[in-house]
There are 2 protein chains.
Amino acid sequence: MGEQTRRVGFVGTGIMGGPMAANCIQAGFAVTVFNRTAAKTKPLADAGATVADSPAAVAAASDIVCSCVTADADVLSVVLDERTGIIAGAESGTIVVDHSTVSPGVAVQCAEALRAKGVGYLDAPISGGDVGAKAGTLSIMVGGERADFDRALPVLEAMGKTVTYCGKTGAGYTVKLCNQILGGLHLVAAAEAISLAKAAGVDLEAMLQAVCSGAAGSWILSNLGPKMVAGDDKPGFFIDYQLKDLKLATAAADKLDLPLPGAALATQLMKAASAQGHGRDGTQAIFHVIQSLAANRSD
Amino acid sequence: MGEQTRRVGFVGTGIMGGPMAANCIQAGFAVTVFNRTAAKTKPLADAGATVADSPAAVAAASDIVCSCVTADADVLSVVLDERTGIIAGAESGTIVVDHSTVSPGVAVQCAEALRAKGVGYLDAPISGGDVGAKAGTLSIMVGGERADFDRALPVLEAMGKTVTYCGKTGAGYTVKLCNQILGGLHLVAAAEAISLAKAAGVDLEAMLQAVCSGAAGSWILSNLGPKMVAGDDKPGFFIDYQLKDLKLATAAADKLDLPLPGAALATQLMKAASAQGHGRDGTQAIFHVIQSLAANRSD
């Protein structure tokens, strides 16, 4: 790893960002962190990280500044706030790497503002859940300048197993939204297939066994199908997060005047799951929505 | 293999039934065949099969009678025609094994009529395509009496790698329809994800590489996604067959008063693909339907 990537910053050290920052420490980087809820930085401080009091202060102490927050407005605030944002502290030559799942337009906005200061921006959302974040096996999909990607690669490789350069600024966020369209529709597919088998009185475990390894197989079916069958709603990834991501995906398609009827349907069904009280259940709880469509209602 | 399963019949020796019958010959069974278009039995006759002139004649010469035809009416005719059907030739103790993809209700109808003559019926549809049929690696999902399944198993294992007992009569057809719901929605998912990436100017191969091995992965995405990207419409499985199967799936759900919005959407999009001239293209041609939604039309 080059001299210029020894100092790594991390803004947003929650369920994903926390273990990602820990893996950077583990890999030997000098890590500075900031989190809105300061208590969440305690384990990282114990592991050797320096705690700063703003994204700007993190940036001032870092060559590569990673961030991992929730929504468009969070990224825009963390990166572009004139007083406390990364842009206020970053020197020329710094690279900002955002791991959030947000709109591709956010990448263009951040990259343009930072470029004026000689600072690079990579949109680098992640897939693999908190398990992957802890194990350092995340899939990271990256958009931005190729030269910035090459410089940030040692840091990305400390956090992920599959690091893919996807193209220009915004390509990383876009690929993550493609990922979420796939996952959303695979969830609907699993829920409907299991519902048909259940309504017909078929042995559900035999059904999963018969179809999982063939042309109808998917990661979702193999991993979440059994949870649907067992009625296990424990969250890996929240319904409300999948809903947020599907809304971003359909909004991104709308901006491109691209109709996506499947993604739109998955969004609506995910919205129903949230409305039915499953927002903080795992995404497999979409099964209850399909079941509810045929339920006898007494109201 | 028991004495009672030495003689195997095969009705319908087309693109799937032909190689399946050939694998029965290969496995050492005495095979008798019938096909509506007689020329298609020639390679099997050359390999040692006896050619009969009706399904009834096949049944009279067989302990296990397999069939592999196209639609509900074909199965009903092949099995139940009073003059030429399997029922007219089968002796008590014979087992009929139908490999077609048809309505679960067909299994109930055939099983009831045959039971009166002491003949068993298994609905045993297949997955794996002509490649799997030739290689003997099909997935076979079976409904019917467990004792009949056990007796037919040596024959099924000559044709398939994964043979799964799914439950009562009709469970095999039902599981195959679940399989087709999954495949249909996974096709829509892949087409929409690739369309969003394409419209956004993302490197499509990088996109597939980034998402295929993670939680958004599916057999369809890995195997047909690259064909969508390359514009390769060569058929593995026809759009028109997928459409037929999705219509059966939604009809089966209708009979159970089970709304399946995703399967319904996939059916409509597959119908559009057929209407747009892709009926004899591979199922990956669904990609063109999503593309056409945003195309500038001059008409």
# chains A, B, ... in the order shown; residues from 1 in each chain; ligands from 1
>>> residues_around(residues="region 85-93 of chain A", least_positions_apart="2", cutoff="7 Å", atoms="only C-alpha atoms", output="ChimeraX atom specification")
/A:55-57,59-60,77-83,95,114,117-119
>>> write_last_selection(atoms="N, CA, C and O atoms", output="tab-separated table (two decimals), in the first residue's frame")
chain	number	residue	atom	x	y	z
A	55	PRO	N	-17.09	15.34	10.60
A	55	PRO	CA	-16.56	14.80	9.34
A	55	PRO	C	-15.40	15.66	8.81
A	55	PRO	O	-14.43	15.12	8.28
A	56	ALA	N	-15.48	16.96	9.00
A	56	ALA	CA	-14.40	17.85	8.55
A	56	ALA	C	-13.09	17.50	9.25
A	56	ALA	O	-12.03	17.45	8.61
A	57	ALA	N	-13.18	17.23	10.54
A	57	ALA	CA	-11.97	16.89	11.30
A	57	ALA	C	-11.42	15.53	10.88
A	57	ALA	O	-10.20	15.33	10.82
A	59	ALA	N	-11.69	14.31	7.86
A	59	ALA	CA	-11.07	14.55	6.55
A	59	ALA	C	-9.70	15.18	6.69
A	59	ALA	O	-8.76	14.83	5.96
A	60	ALA	N	-9.57	16.14	7.62
A	60	ALA	CA	-8.30	16.85	7.80
A	60	ALA	C	-7.18	15.89	8.22
A	60	ALA	O	-6.00	16.15	7.97
A	77	SER	N	-25.04	16.00	3.52
A	77	SER	CA	-24.63	16.75	4.70
A	77	SER	C	-23.21	16.37	5.14
A	77	SER	O	-22.37	17.23	5.38
A	78	VAL	N	-22.95	15.06	5.23
A	78	VAL	CA	-21.64	14.58	5.67
A	78	VAL	C	-20.54	15.05	4.72
A	78	VAL	O	-19.46	15.44	5.15
A	79	VAL	N	-20.81	15.05	3.43
A	79	VAL	CA	-19.77	15.39	2.46
A	79	VAL	C	-19.69	16.89	2.20
A	79	VAL	O	-18.61	17.47	2.15
A	80	LEU	N	-20.85	17.55	2.05
A	80	LEU	CA	-20.84	18.91	1.50
A	80	LEU	C	-21.13	20.03	2.48
A	80	LEU	O	-21.02	21.21	2.12
A	81	ASP	N	-21.48	19.72	3.73
A	81	ASP	CA	-21.75	20.82	4.67
A	81	ASP	C	-20.53	21.73	4.78
A	81	ASP	O	-19.41	21.27	5.06
A	82	GLU	N	-20.77	23.03	4.56
A	82	GLU	CA	-19.65	23.96	4.43
A	82	GLU	C	-18.85	24.15	5.72
A	82	GLU	O	-17.68	24.55	5.69
A	83	ARG	N	-19.49	23.85	6.85
A	83	ARG	CA	-18.82	24.07	8.12
A	83	ARG	C	-18.25	22.77	8.69
A	83	ARG	O	-17.09	22.69	9.07
A	95	ILE	N	-9.20	11.43	-1.19
A	95	ILE	CA	-10.29	10.76	-1.91
A	95	ILE	C	-11.39	10.39	-0.91
A	95	ILE	O	-11.12	9.81	0.14
A	114	LEU	N	-16.50	18.47	-4.96
A	114	LEU	CA	-15.18	18.13	-4.43
A	114	LEU	C	-14.07	18.37	-5.46
A	114	LEU	O	-12.95	18.74	-5.11
A	117	LYS	N	-12.00	21.39	-5.39
A	117	LYS	CA	-10.96	21.47	-4.35
A	117	LYS	C	-9.84	20.46	-4.57
A	117	LYS	O	-9.00	20.25	-3.69
A	118	GLY	N	-9.90	19.75	-5.73
A	118	GLY	CA	-8.87	18.74	-5.99
A	118	GLY	C	-9.07	17.45	-5.22
A	118	GLY	O	-8.14	16.67	-5.05
A	119	VAL	N	-10.30	17.24	-4.76
A	119	VAL	CA	-10.63	16.04	-3.98
A	119	VAL	C	-11.44	15.07	-4.83
A	119	VAL	O	-12.35	15.48	-5.54
>>> select_by_dssp(residues="region 81-298 of chain A", states="strand (DSSP E or B)", output="VMD selection string")
chain A and resid 95 to 98 120 to 123 126 to 127 138 to 143 160 to 167 218 238 282
>>> select_by_dssp(residues="region 185-241 of chain A", states="helix (DSSP H, G or I)", output="MDAnalysis selection string")
chainID A and resid 185:199 204:212 219:230 239:241
>>> closest_residue(among="B:Ala251, B:Ala71, B:Ala189, B:Ile64", to="chain A", atoms="only C-alpha atoms")
B:Ala189
>>> residues_around(residues="Val65 (chain B)", least_positions_apart="6", cutoff="10 Å", atoms="only C-alpha atoms", output="PDB file with C-alpha atoms, in the first residue's frame")
ATOM      1  CA  THR B   5     -39.911 -52.510 -13.783  1.00  0.00           C
ATOM      2  CA  ARG B   7     -40.335 -53.104 -19.306  1.00  0.00           C
ATOM      3  CA  VAL B   8     -40.540 -49.331 -19.825  1.00  0.00           C
ATOM      4  CA  GLY B   9     -42.826 -47.537 -22.281  1.00  0.00           C
ATOM      5  CA  PHE B  10     -42.398 -44.012 -23.613  1.00  0.00           C
ATOM      6  CA  VAL B  11     -45.091 -41.900 -25.270  1.00  0.00           C
ATOM      7  CA  VAL B  31     -38.226 -49.965 -24.077  1.00  0.00           C
ATOM      8  CA  THR B  32     -41.338 -49.611 -26.241  1.00  0.00           C
ATOM      9  CA  VAL B  33     -42.070 -46.189 -27.762  1.00  0.00           C
ATOM     10  CA  PRO B  55     -50.150 -45.253 -26.453  1.00  0.00           C
ATOM     11  CA  VAL B  58     -47.093 -49.077 -25.519  1.00  0.00           C
ATOM     12  CA  ALA B  59     -48.973 -49.615 -22.260  1.00  0.00           C
ATOM     13  CA  VAL B  79     -53.649 -41.267 -20.990  1.00  0.00           C
ATOM     14  CA  ILE B  86     -52.701 -45.744 -22.139  1.00  0.00           C
ATOM     15  CA  ALA B  90     -52.551 -50.920 -19.286  1.00  0.00           C
ATOM     16  CA  THR B  94     -48.912 -50.778 -14.332  1.00  0.00           C
ATOM     17  CA  ILE B  95     -47.693 -47.291 -13.328  1.00  0.00           C
ATOM     18  CA  VAL B  96     -48.088 -44.266 -15.600  1.00  0.00           C
ATOM     19  CA  VAL B  97     -45.448 -41.547 -15.144  1.00  0.00           C
ATOM     20  CA  ASP B  98     -46.194 -38.262 -16.902  1.00  0.00           C
ATOM     21  CA  TYR B 121     -50.295 -42.415 -11.865  1.00  0.00           C
ATOM     22  CA  ALA B 152     -40.869 -46.159 -10.478  1.00  0.00           C
ATOM     23  CA  VAL B 155     -36.670 -45.650 -14.083  1.00  0.00           C
TER      24      VAL B 155
END
>>> decode(residues="region 138-160 of chain A", atoms="N, CA and C atoms", output="PDB file, in the first residue's frame")
ATOM      1  N   LEU A 138     -17.340  -8.290   2.119  1.00  0.00           N
ATOM      2  CA  LEU A 138     -18.346  -7.527   1.386  1.00  0.00           C
ATOM      3  C   LEU A 138     -18.083  -7.536  -0.112  1.00  0.00           C
ATOM      4  N   SER A 139     -19.160  -7.366  -0.877  1.00  0.00           N
ATOM      5  CA  SER A 139     -19.023  -7.038  -2.290  1.00  0.00           C
ATOM      6  C   SER A 139     -19.130  -5.517  -2.386  1.00  0.00           C
ATOM      7  N   ILE A 140     -18.148  -4.891  -3.027  1.00  0.00           N
ATOM      8  CA  ILE A 140     -18.128  -3.418  -3.128  1.00  0.00           C
ATOM      9  C   ILE A 140     -18.161  -3.044  -4.605  1.00  0.00           C
ATOM     10  N   MET A 141     -19.156  -2.244  -5.003  1.00  0.00           N
ATOM     11  CA  MET A 141     -19.314  -1.850  -6.406  1.00  0.00           C
ATOM     12  C   MET A 141     -19.022  -0.373  -6.536  1.00  0.00           C
ATOM     13  N   VAL A 142     -18.069  -0.018  -7.385  1.00  0.00           N
ATOM     14  CA  VAL A 142     -17.470   1.307  -7.315  1.00  0.00           C
ATOM     15  C   VAL A 142     -17.609   2.099  -8.614  1.00  0.00           C
ATOM     16  N   GLY A 143     -18.043   3.354  -8.472  1.00  0.00           N
ATOM     17  CA  GLY A 143     -18.073   4.286  -9.594  1.00  0.00           C
ATOM     18  C   GLY A 143     -17.156   5.457  -9.329  1.00  0.00           C
ATOM     19  N   GLY A 144     -16.628   6.069 -10.398  1.00  0.00           N
ATOM     20  CA  GLY A 144     -15.762   7.249 -10.239  1.00  0.00           C
ATOM     21  C   GLY A 144     -14.571   7.183 -11.175  1.00  0.00           C
ATOM     22  N   GLU A 145     -13.596   8.066 -10.922  1.00  0.00           N
ATOM     23  CA  GLU A 145     -12.387   8.083 -11.745  1.00  0.00           C
ATOM     24  C   GLU A 145     -11.555   6.830 -11.478  1.00  0.00           C
ATOM     25  N   ARG A 146     -11.062   6.222 -12.549  1.00  0.00           N
ATOM     26  CA  ARG A 146     -10.271   4.992 -12.426  1.00  0.00           C
ATOM     27  C   ARG A 146      -9.022   5.198 -11.554  1.00  0.00           C
ATOM     28  N   ALA A 147      -8.387   6.356 -11.705  1.00  0.00           N
ATOM     29  CA  ALA A 147      -7.157   6.617 -10.936  1.00  0.00           C
ATOM     30  C   ALA A 147      -7.456   6.685  -9.434  1.00  0.00           C
ATOM     31  N   ASP A 148      -8.612   7.285  -9.096  1.00  0.00           N
ATOM     32  CA  ASP A 148      -9.017   7.339  -7.682  1.00  0.00           C
ATOM     33  C   ASP A 148      -9.302   5.929  -7.164  1.00  0.00           C
ATOM     34  N   PHE A 149      -9.964   5.106  -8.007  1.00  0.00           N
ATOM     35  CA  PHE A 149     -10.253   3.721  -7.634  1.00  0.00           C
ATOM     36  C   PHE A 149      -8.963   2.976  -7.329  1.00  0.00           C
ATOM     37  N   ASP A 150      -7.973   3.147  -8.211  1.00  0.00           N
ATOM     38  CA  ASP A 150      -6.702   2.431  -8.014  1.00  0.00           C
ATOM     39  C   ASP A 150      -6.040   2.837  -6.704  1.00  0.00           C
ATOM     40  N   ARG A 151      -6.107   4.124  -6.379  1.00  0.00           N
ATOM     41  CA  ARG A 151      -5.477   4.586  -5.135  1.00  0.00           C
ATOM     42  C   ARG A 151      -6.218   4.098  -3.900  1.00  0.00           C
ATOM     43  N   ALA A 152      -7.573   3.985  -4.023  1.00  0.00           N
ATOM     44  CA  ALA A 152      -8.372   3.575  -2.854  1.00  0.00           C
ATOM     45  C   ALA A 152      -8.411   2.064  -2.680  1.00  0.00           C
ATOM     46  N   LEU A 153      -7.952   1.331  -3.689  1.00  0.00           N
ATOM     47  CA  LEU A 153      -8.118  -0.124  -3.703  1.00  0.00           C
ATOM     48  C   LEU A 153      -7.586  -0.844  -2.449  1.00  0.00           C
ATOM     49  N   PRO A 154      -6.394  -0.480  -1.956  1.00  0.00           N
ATOM     50  CA  PRO A 154      -5.909  -1.179  -0.744  1.00  0.00           C
ATOM     51  C   PRO A 154      -6.866  -1.040   0.439  1.00  0.00           C
ATOM     52  N   VAL A 155      -7.523   0.106   0.552  1.00  0.00           N
ATOM     53  CA  VAL A 155      -8.498   0.297   1.627  1.00  0.00           C
ATOM     54  C   VAL A 155      -9.747  -0.545   1.365  1.00  0.00           C
ATOM     55  N   LEU A 156     -10.221  -0.518   0.113  1.00  0.00           N
ATOM     56  CA  LEU A 156     -11.417  -1.292  -0.242  1.00  0.00           C
ATOM     57  C   LEU A 156     -11.181  -2.783  -0.007  1.00  0.00           C
ATOM     58  N   GLU A 157      -9.966  -3.218  -0.329  1.00  0.00           N
ATOM     59  CA  GLU A 157      -9.656  -4.651  -0.172  1.00  0.00           C
ATOM     60  C   GLU A 157      -9.511  -5.066   1.288  1.00  0.00           C
ATOM     61  N   ALA A 158      -9.339  -4.079   2.170  1.00  0.00           N
ATOM     62  CA  ALA A 158      -9.326  -4.402   3.598  1.00  0.00           C
ATOM     63  C   ALA A 158     -10.743  -4.683   4.108  1.00  0.00           C
ATOM     64  N   MET A 159     -11.747  -4.233   3.334  1.00  0.00           N
ATOM     65  CA  MET A 159     -13.141  -4.351   3.795  1.00  0.00           C
ATOM     66  C   MET A 159     -13.970  -5.337   2.992  1.00  0.00           C
ATOM     67  N   GLY A 160     -13.573  -5.597   1.748  1.00  0.00           N
ATOM     68  CA  GLY A 160     -14.398  -6.430   0.875  1.00  0.00           C
ATOM     69  C   GLY A 160     -13.619  -7.528   0.181  1.00  0.00           C
TER      70      GLY A 160
END
